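Visitor: Below are the structure tokens for one structure; questions will follow.
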Amino acid sequence: MTRSTTTGGATARVRARGTCRICGARGLQSIVDLGRTPLANAFVPATLLKRAEPRFPLRLARCPDCGLVQLRDVVDRSLLFRKYLYFSSSSGTMPAHFAGLVEAALRRHGGKTPGLAVEIGSNDGTLLRNLLGTTLRPLGIEPARNIAQQANERGIPTWNEFFSKPVAERILREHGPARLVFSNNVLAHIDDVHEVASAAARLLEEDGAWIIEVPHLAEMMRRVEFDTIYHEHLSYFSLPPLERLFLRHGLLLVDVQQVPVHGGSLRLTVQRQRPGRKPRASVARVRAYERRLGLSNPATYRRFRTRVHAIRRDLPRLLRGLRHQGHRIVGYGAPAKGNTLLNYCRIDGTILDYILDTTPAKQGLFTPGTHVPIREPGVFHRDPPTHALLLAWNFEREILAKERGFLRAGGRFIRPVPRPAYVPPKR
Ligand code: TYD
């Protein structure tokens with residue numbers, strides 16, 4: 001079913017799926033309904049604050065057959081990804097993480113002869129730049145015009161496209177097959193995962209490897225990372241549905257590692273199926289971990305919903321209480337996930353004075369739906385508040401290390417998930 005939302009004069013399209021995007025089963029089971037929210041990266045300029053923003057349903061459900069946790073509602077991808085405000089280079093953590101990822105991939109699958117490495121959703125080239133000067137030539141595929149342009153300017157050849165079978169065919173014609181294909185934090189963004197898996201399979205050299213990172217459903221459940229639910233994130237992956245996807249396209253999951261980024265992610269290595277090629281022990285290990293956490297048990301998802309409701313009750317209560325005592329609170333970081341949190345918990349400019357963020361493109365804008373102004377970090381350092389809500393909690397370590405001065409002066413960080421708490425804990 002396709003319907004149009006015409007709130008605020010903007011005609012935006014959203015489609016409700018009736019079937020699982022991996023196995024096609026019907027009867028998706030509801031996990032949690034986060035209401036109608038604006039798009040998480042649709043930061044608002046001051047001139048448009050009076051205009052009503054388009055809102056879209058945000059409902060999480062689970063496939064009764066393959067177990068894929070997914071959004072029911074799919075927003076038109078050109079609305080989400082043609083202009084983008086997220087830059088991989090906006091933290092210190094991600095560039096270092098990508099450097100380690102590329103080094104490991106080259107060691108294991110790089111080979112000794114010249115070859116090609118393609119990244120699907122290559123953003124500003126932060127990952128691919130690690131390949132400059134190696135035996136593998138980098139090529140990025142990135143749908144956001146503004147970001148693809150920046151990558152090209154930084155010397156990373158980047159095509160401004162959504163990855164697809166025709167794009168894979170064009171790469172094969174112009175460059176030949178790829179020894180490495182990377183997709184970091186993009187598979188969850190893609191509605192037609194079959195198109196992408198089949199295109200990646202076609203693009204790989206015989207012994208090439210497709211290296212994928214996706215946030216892990218297990219960690220989202222365990223640490224109640226419900227704010228990572230927003231319209232860009234269509235799938236929340238665990239191994240069984242992924243393995244089903246790969247098998248359908250002649251691919252085999254050969255290795256999986258649990259990595260700490262984005263609240264806990266999986267790094268998957270996928271290769272063509274071939275006689276004698278077998279998964280490493282890591283695959284069985286992560287499967288067992290998921291079983292222990294009860295990912296195949298509906299009670300796990302009911303418990304998650306209860307814990308999400310508790311955050312919506314407790315977090316605004318804590319913050320309002322602090323305001324009443326005369327404290328000043330700001331938001332730390334303006335990630336997309338912060339906007340799920342703020343909208344769902346109804347935290348706005350009456351609670352947060354402003355949100356600081358290092359991304360120049362976000363500064364001066366306002367958060368979608370809740371209209372909290374985003375300022376540059378200097379404001380925070382010149383006139384520190386008493387409390388900072390750690391919206392970018394996935395960078396807790398980096399931020400706490402950077403803000404030792406704020407902490408020493410008595411400032412407090414509040415982390416919203418898995419339950420609102422002071423970090424470091426209250427003395
Ligand atoms: P991130 O959590 O990576 O992404 P998502 O949008 O997918 O939820 O975004 C982190 C945001 O936090 C990004 O806008 C940069 C910002 N940030 C700071 O402002 N200061 C910091 O010290 C760090 C690490 C991030």
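Residue numbering restarts at 1 in every chain; chains get A, B, ... in the order shown in the structure tokens, and ligands count up from 1 in that same order.
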Using only C-alpha atoms and all ligand atoms, find each residue with an atom at most 7 Å away from ligand 1 and format the answer as a VMD selection string.
Guide: chain A and resid 86 90 to 93 228 262 332 to 338 356 to 359 392 394 to 395 398 to 399
Visitor: Which of segment 80-279 of chain A end up as helix (DSSP H, G or I) when DSSP is run on this backbone - answer as a PyMOL selection string?
Guide: chain A and resi 80-81+88-90+93-109+128-131+145-153+165-175+187-189+193-203+217-222+226-228+239-248+261-263
Visitor: When you draw a straight line from atom CA of Gln363 of chain A to atom CA of Ala40 of chain A, how long is it in Å?
Guide: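 Taking atom CA of Gln363 of chain A and atom CA of Ala40 of chain A, their separation equals 15.5 Å.
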Visitor: Please provide as a ChimeraX atom specification all residues within 10 Å of segment 281-291 of chain A, with the sequence filter that same-chain residues fewer than 5 positions apart are discarded (counting only C-alpha atoms).
Guide: /A:216-219,238-240,253-258,266,268,296-297
Visitor: Would you put the residues from that selection into a file with N, CA and C atoms, as a PDB file, in the first residue's frame?
Guide:
```
ATOM      1  N   HIS A 216      23.792  -4.428  15.893  1.00  0.00           N
ATOM      2  CA  HIS A 216      23.326  -5.772  16.244  1.00  0.00           C
ATOM      3  C   HIS A 216      22.049  -5.685  17.069  1.00  0.00           C
ATOM      4  N   LEU A 217      21.015  -6.360  16.599  1.00  0.00           N
ATOM      5  CA  LEU A 217      19.742  -6.383  17.321  1.00  0.00           C
ATOM      6  C   LEU A 217      19.929  -6.811  18.771  1.00  0.00           C
ATOM      7  N   ALA A 218      20.852  -7.750  18.979  1.00  0.00           N
ATOM      8  CA  ALA A 218      21.069  -8.271  20.335  1.00  0.00           C
ATOM      9  C   ALA A 218      21.414  -7.141  21.293  1.00  0.00           C
ATOM     10  N   GLU A 219      22.278  -6.217  20.844  1.00  0.00           N
ATOM     11  CA  GLU A 219      22.695  -5.115  21.731  1.00  0.00           C
ATOM     12  C   GLU A 219      21.582  -4.096  21.872  1.00  0.00           C
ATOM     13  N   SER A 238      19.854  -9.663  13.131  1.00  0.00           N
ATOM     14  CA  SER A 238      20.461 -10.762  13.875  1.00  0.00           C
ATOM     15  C   SER A 238      20.897 -11.778  12.816  1.00  0.00           C
ATOM     16  N   LEU A 239      21.583 -12.847  13.220  1.00  0.00           N
ATOM     17  CA  LEU A 239      22.170 -13.726  12.196  1.00  0.00           C
ATOM     18  C   LEU A 239      21.169 -14.518  11.352  1.00  0.00           C
ATOM     19  N   PRO A 240      20.110 -15.116  11.946  1.00  0.00           N
ATOM     20  CA  PRO A 240      19.288 -16.011  11.110  1.00  0.00           C
ATOM     21  C   PRO A 240      18.715 -15.352   9.839  1.00  0.00           C
ATOM     22  N   LEU A 253      28.070 -16.711   4.861  1.00  0.00           N
ATOM     23  CA  LEU A 253      28.641 -15.927   5.965  1.00  0.00           C
ATOM     24  C   LEU A 253      29.831 -16.717   6.508  1.00  0.00           C
ATOM     25  N   VAL A 254      31.056 -16.225   6.299  1.00  0.00           N
ATOM     26  CA  VAL A 254      32.229 -17.007   6.715  1.00  0.00           C
ATOM     27  C   VAL A 254      32.779 -16.571   8.069  1.00  0.00           C
ATOM     28  N   ASP A 255      32.492 -15.314   8.463  1.00  0.00           N
ATOM     29  CA  ASP A 255      33.036 -14.858   9.742  1.00  0.00           C
ATOM     30  C   ASP A 255      32.155 -13.753  10.291  1.00  0.00           C
ATOM     31  N   VAL A 256      32.075 -13.668  11.600  1.00  0.00           N
ATOM     32  CA  VAL A 256      31.351 -12.562  12.212  1.00  0.00           C
ATOM     33  C   VAL A 256      32.038 -12.176  13.506  1.00  0.00           C
ATOM     34  N   GLN A 257      32.181 -10.868  13.682  1.00  0.00           N
ATOM     35  CA  GLN A 257      32.756 -10.379  14.937  1.00  0.00           C
ATOM     36  C   GLN A 257      31.820  -9.348  15.535  1.00  0.00           C
ATOM     37  N   GLN A 258      31.820  -9.299  16.869  1.00  0.00           N
ATOM     38  CA  GLN A 258      31.042  -8.267  17.553  1.00  0.00           C
ATOM     39  C   GLN A 258      31.971  -7.090  17.788  1.00  0.00           C
ATOM     40  N   LEU A 266      27.685  -5.800  14.389  1.00  0.00           N
ATOM     41  CA  LEU A 266      28.261  -7.023  13.835  1.00  0.00           C
ATOM     42  C   LEU A 266      29.131  -6.653  12.645  1.00  0.00           C
ATOM     43  N   LEU A 268      30.446  -8.535   9.543  1.00  0.00           N
ATOM     44  CA  LEU A 268      30.203  -9.809   8.851  1.00  0.00           C
ATOM     45  C   LEU A 268      31.117  -9.903   7.635  1.00  0.00           C
ATOM     46  N   SER A 296      14.951 -15.306  19.859  1.00  0.00           N
ATOM     47  CA  SER A 296      13.861 -15.983  19.156  1.00  0.00           C
ATOM     48  C   SER A 296      12.617 -16.109  20.037  1.00  0.00           C
ATOM     49  N   ASN A 297      12.675 -15.447  21.199  1.00  0.00           N
ATOM     50  CA  ASN A 297      11.572 -15.588  22.151  1.00  0.00           C
ATOM     51  C   ASN A 297      10.743 -14.292  22.214  1.00  0.00           C
TER      52      ASN A 297
END
```
Visitor: State, in Å with one decimal place, the distance from atom CA of Leu128 of chain A to atom CA of Asp76 of chain A.
Guide: 27.5 Å
Visitor: Can you tell me how far atom CA of Leu341 of chain A sits from atom CA of Gly294 of chain A, in Å to one decimal?
Guide: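 Taking atom CA of Leu341 of chain A and atom CA of Gly294 of chain A, their separation equals 25.2 Å.
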Visitor: Taking only C-alpha atoms into account, produce a table as a Markdown table in which each residue of segment 111-167 of chain A with an atom at most 8 Å from an atom of segment 97-102 of chain A appears once, together with its shortest atom pair and the distance in Å to one decimal, ordered by chain and rising number.
Guide:
```
| residue | atom | partner | partner_atom | distance |
| --- | --- | --- | --- | --- |
| A:Thr126 | CA | A:Phe98 | CA | 7.4 |
| A:Leu127 | CA | A:Phe98 | CA | 5.2 |
| A:Asn130 | CA | A:Ala99 | CA | 6.0 |
| A:Leu131 | CA | A:Val102 | CA | 7.4 |
```
Visitor: Using only C-alpha atoms, determine which residues lie at most 9 Å from Ala151 of chain A, disregarding the query and same-chain residues fewer than 2 positions distant; provide the list as a compact mmCIF listing (two decimals) with N, CA, C and O atoms, in the first residue's frame.
Guide:
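Contents of result.txt, freshly written:
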```txt
# COMPACT_ATOMS: atom_id res chain seq x y z
N SER A 122 29.40 5.25 0.68
CA SER A 122 30.77 5.53 1.12
C SER A 122 30.90 6.86 1.86
O SER A 122 32.00 7.24 2.24
N ASN A 123 29.79 7.59 2.01
CA ASN A 123 29.79 8.83 2.77
C ASN A 123 30.92 9.74 2.29
O ASN A 123 31.12 9.88 1.08
N ASP A 124 31.66 10.36 3.20
CA ASP A 124 32.66 11.34 2.76
C ASP A 124 34.02 10.72 2.47
O ASP A 124 35.01 11.42 2.33
N GLY A 125 34.07 9.38 2.36
CA GLY A 125 35.32 8.72 1.98
C GLY A 125 36.22 8.41 3.17
O GLY A 125 37.37 8.01 2.99
N THR A 126 35.69 8.54 4.38
CA THR A 126 36.50 8.31 5.59
C THR A 126 37.06 6.89 5.62
O THR A 126 38.20 6.69 6.04
N GLY A 140 33.96 4.71 -4.42
CA GLY A 140 32.81 4.89 -3.53
C GLY A 140 31.52 5.04 -4.31
O GLY A 140 31.52 5.61 -5.40
N ASN A 146 25.66 16.07 -1.77
CA ASN A 146 26.58 16.95 -1.04
C ASN A 146 27.79 16.17 -0.52
O ASN A 146 28.92 16.65 -0.54
N ILE A 147 27.54 14.94 -0.08
CA ILE A 147 28.62 14.16 0.54
C ILE A 147 29.52 13.53 -0.53
O ILE A 147 30.75 13.51 -0.40
N ALA A 148 28.91 13.04 -1.64
CA ALA A 148 29.71 12.47 -2.73
C ALA A 148 30.67 13.52 -3.27
O ALA A 148 31.84 13.24 -3.56
N GLN A 149 30.16 14.75 -3.38
CA GLN A 149 30.99 15.83 -3.91
C GLN A 149 32.19 16.09 -2.99
O GLN A 149 33.33 16.22 -3.44
N GLU A 153 36.18 15.71 -3.83
CA GLU A 153 37.13 16.81 -3.59
C GLU A 153 38.30 16.36 -2.71
O GLU A 153 39.40 16.88 -2.81
N ARG A 154 38.04 15.36 -1.84
CA ARG A 154 39.11 14.86 -0.99
C ARG A 154 39.93 13.77 -1.67
O ARG A 154 40.73 13.09 -1.03
N GLY A 155 39.67 13.55 -2.97
CA GLY A 155 40.50 12.62 -3.73
C GLY A 155 40.05 11.17 -3.68
O GLY A 155 40.82 10.26 -4.01
N ILE A 156 38.81 10.91 -3.26
CA ILE A 156 38.28 9.54 -3.27
C ILE A 156 37.27 9.44 -4.41
O ILE A 156 36.17 10.04 -4.33
N PRO A 157 37.59 8.71 -5.48
CA PRO A 157 36.65 8.63 -6.61
C PRO A 157 35.30 8.10 -6.13
O PRO A 157 35.23 7.02 -5.53
N THR A 158 34.24 8.86 -6.35
CA THR A 158 32.93 8.51 -5.80
C THR A 158 31.85 8.78 -6.83
O THR A 158 31.80 9.86 -7.41
```
Visitor: Which polymer residues have any atom within 10 Å of an atom of Pro64 of chain A, counting only C-alpha atoms, with same-chain residues fewer than 3 positions away left out, as a short mmCIF file (atom, residue, chain, number, x, y, z; two decimals) with all heavy atoms, in the first residue's frame?
Guide:
```cif
data_model
loop_
_atom_site.label_atom_id
_atom_site.label_comp_id
_atom_site.auth_asym_id
_atom_site.auth_seq_id
_atom_site.Cartn_x
_atom_site.Cartn_y
_atom_site.Cartn_z
N CYS A 20 7.61 -9.37 5.15
CA CYS A 20 9.01 -9.27 5.56
C CYS A 20 9.91 -8.99 4.37
O CYS A 20 9.76 -9.60 3.31
CB CYS A 20 9.43 -10.60 6.21
SG CYS A 20 11.19 -10.68 6.56
N ALA A 25 7.38 -13.30 4.39
CA ALA A 25 6.26 -13.79 5.23
C ALA A 25 5.31 -12.64 5.58
O ALA A 25 5.72 -11.48 5.65
CB ALA A 25 6.81 -14.42 6.50
N ARG A 26 4.04 -13.00 5.80
CA ARG A 26 3.05 -12.00 6.24
C ARG A 26 2.92 -12.04 7.75
O ARG A 26 3.50 -12.88 8.41
CB ARG A 26 1.68 -12.32 5.63
CG ARG A 26 1.71 -12.34 4.14
CD ARG A 26 0.31 -12.38 3.53
NE ARG A 26 0.46 -11.99 2.14
CZ ARG A 26 0.54 -10.74 1.71
NH1 ARG A 26 0.39 -9.74 2.57
NH2 ARG A 26 0.73 -10.45 0.45
N GLY A 27 2.06 -11.15 8.27
CA GLY A 27 1.72 -11.21 9.69
C GLY A 27 2.84 -10.74 10.61
O GLY A 27 3.11 -11.35 11.65
N LEU A 28 3.52 -9.62 10.23
CA LEU A 28 4.58 -9.08 11.10
C LEU A 28 4.00 -8.78 12.48
O LEU A 28 2.89 -8.25 12.59
CB LEU A 28 5.16 -7.80 10.48
CG LEU A 28 5.77 -7.93 9.08
CD1 LEU A 28 6.35 -6.59 8.62
CD2 LEU A 28 6.84 -9.01 9.03
N GLN A 29 4.77 -9.10 13.52
CA GLN A 29 4.28 -8.93 14.90
C GLN A 29 4.81 -7.63 15.50
O GLN A 29 6.02 -7.38 15.47
CB GLN A 29 4.75 -10.13 15.75
CG GLN A 29 4.20 -11.44 15.23
CD GLN A 29 5.01 -12.65 15.69
OE1 GLN A 29 6.17 -12.51 16.10
NE2 GLN A 29 4.40 -13.82 15.60
N ALA A 61 8.43 -3.94 14.14
CA ALA A 61 7.75 -5.24 14.14
C ALA A 61 8.75 -6.35 13.85
O ALA A 61 9.90 -6.09 13.47
CB ALA A 61 6.65 -5.23 13.08
N GLY A 67 12.41 -13.97 11.57
CA GLY A 67 12.83 -13.25 12.78
C GLY A 67 13.39 -11.87 12.52
O GLY A 67 13.85 -11.20 13.46
N LEU A 68 13.36 -11.39 11.27
CA LEU A 68 13.91 -10.04 11.01
C LEU A 68 13.06 -8.99 11.72
O LEU A 68 11.85 -8.93 11.55
CB LEU A 68 13.94 -9.73 9.51
CG LEU A 68 14.49 -8.33 9.18
CD1 LEU A 68 15.98 -8.25 9.50
CD2 LEU A 68 14.24 -7.94 7.74
N VAL A 69 13.73 -8.17 12.52
CA VAL A 69 13.07 -7.04 13.16
C VAL A 69 13.18 -5.86 12.19
O VAL A 69 14.25 -5.61 11.64
CB VAL A 69 13.72 -6.74 14.53
CG1 VAL A 69 13.23 -5.43 15.10
CG2 VAL A 69 13.40 -7.89 15.50
N SER A 296 14.95 -15.31 19.86
CA SER A 296 13.86 -15.98 19.16
C SER A 296 12.62 -16.11 20.04
O SER A 296 11.64 -16.74 19.65
CB SER A 296 14.34 -17.37 18.69
OG SER A 296 14.84 -18.07 19.81
N PRO A 298 9.45 -14.35 21.89
CA PRO A 298 8.62 -13.13 21.89
C PRO A 298 8.66 -12.36 23.22
O PRO A 298 8.51 -11.13 23.23
CB PRO A 298 7.20 -13.66 21.62
CG PRO A 298 7.41 -14.97 20.93
CD PRO A 298 8.70 -15.53 21.46
#
```
Visitor: Name all residues at most 12 Å from Pro114 of chain A (count only C-alpha atoms; drop same-chain ones fewer than 2 positions away) and give them as a ChimeraX atom specification.
Guide: /A:106,110-112,116-117,131,133-138,175-180
Visitor: Next, the residues of the selection above should be written as a JSON list (two decimals), in the first residue's frame with N, CA and C atoms.
Guide:
```json
[["chain", "number", "residue", "atom", "x", "y", "z"],
["A", 106, "LEU", "N", 42.46, -5.95, 4.54],
["A", 106, "LEU", "CA", 43.58, -6.08, 3.60],
["A", 106, "LEU", "C", 44.46, -7.27, 3.96],
["A", 110, "GLY", "N", 43.22, -8.96, 1.03],
["A", 110, "GLY", "CA", 43.73, -7.94, 0.11],
["A", 110, "GLY", "C", 44.50, -8.50, -1.08],
["A", 111, "GLY", "N", 45.14, -9.65, -0.92],
["A", 111, "GLY", "CA", 45.94, -10.22, -2.01],
["A", 111, "GLY", "C", 47.18, -9.39, -2.26],
["A", 112, "LYS", "N", 47.97, -9.83, -3.26],
["A", 112, "LYS", "CA", 49.25, -9.15, -3.52],
["A", 112, "LYS", "C", 49.21, -8.36, -4.82],
["A", 116, "LEU", "N", 40.50, -3.97, -6.92],
["A", 116, "LEU", "CA", 39.51, -2.91, -6.69],
["A", 116, "LEU", "C", 38.79, -3.12, -5.37],
["A", 117, "ALA", "N", 38.52, -2.02, -4.66],
["A", 117, "ALA", "CA", 37.68, -2.08, -3.46],
["A", 117, "ALA", "C", 36.54, -1.08, -3.63],
["A", 131, "LEU", "N", 42.60, 3.23, 1.84],
["A", 131, "LEU", "CA", 43.12, 2.38, 0.77],
["A", 131, "LEU", "C", 44.07, 3.11, -0.15],
["A", 133, "GLY", "N", 47.17, 4.40, -1.75],
["A", 133, "GLY", "CA", 48.55, 3.95, -1.60],
["A", 133, "GLY", "C", 48.68, 2.45, -1.33],
["A", 134, "THR", "N", 47.58, 1.70, -1.33],
["A", 134, "THR", "CA", 47.66, 0.24, -1.17],
["A", 134, "THR", "C", 47.48, -0.40, -2.55],
["A", 135, "THR", "N", 47.44, -1.75, -2.58],
["A", 135, "THR", "CA", 47.27, -2.42, -3.89],
["A", 135, "THR", "C", 45.84, -2.30, -4.40],
["A", 136, "LEU", "N", 44.89, -1.91, -3.53],
["A", 136, "LEU", "CA", 43.50, -1.84, -3.97],
["A", 136, "LEU", "C", 43.08, -0.41, -4.25],
["A", 137, "ARG", "N", 42.51, -0.20, -5.44],
["A", 137, "ARG", "CA", 41.99, 1.12, -5.83],
["A", 137, "ARG", "C", 40.61, 1.32, -5.21],
["A", 138, "PRO", "N", 40.37, 2.42, -4.54],
["A", 138, "PRO", "CA", 39.05, 2.63, -3.96],
["A", 138, "PRO", "C", 38.04, 3.25, -4.94],
["A", 175, "HIS", "N", 35.75, -1.18, -14.42],
["A", 175, "HIS", "CA", 36.88, -1.46, -13.51],
["A", 175, "HIS", "C", 37.15, -2.94, -13.31],
["A", 176, "GLY", "N", 36.20, -3.79, -13.71],
["A", 176, "GLY", "CA", 36.35, -5.22, -13.41],
["A", 176, "GLY", "C", 35.79, -5.54, -12.03],
["A", 177, "PRO", "N", 35.92, -6.82, -11.60],
["A", 177, "PRO", "CA", 35.32, -7.24, -10.32],
["A", 177, "PRO", "C", 36.08, -6.67, -9.12],
["A", 178, "ALA", "N", 35.42, -6.73, -7.96],
["A", 178, "ALA", "CA", 36.00, -6.15, -6.75],
["A", 178, "ALA", "C", 36.54, -7.24, -5.84],
["A", 179, "ARG", "N", 37.74, -6.99, -5.28],
["A", 179, "ARG", "CA", 38.28, -7.94, -4.31],
["A", 179, "ARG", "C", 37.62, -7.73, -2.95],
["A", 180, "LEU", "N", 37.33, -6.48, -2.69],
["A", 180, "LEU", "CA", 36.64, -6.17, -1.43],
["A", 180, "LEU", "C", 35.44, -5.28, -1.72]]
```
Visitor: Determine, counting only C-alpha atoms, which protein, DNA and RNA residues have an atom within 10 Å of an atom of Thr367 of chain A; residues of the same chain fewer than 6 positions away are not included. Present the result as a list of chain:residue names.
Guide: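 Once the adjacent positions are removed, what remains is A:Pro38, A:Ala40, A:Asn41, A:Ala42, A:Phe43, A:Val44, A:Pro45, A:Leu49, A:Ala334, A:Pro335, A:Ala336, A:Gly338, A:Asn339, A:Leu342, A:Asn343, A:Asp348, A:Gly349, A:Tyr354, A:Ile355, A:Pro373, A:Ile374.
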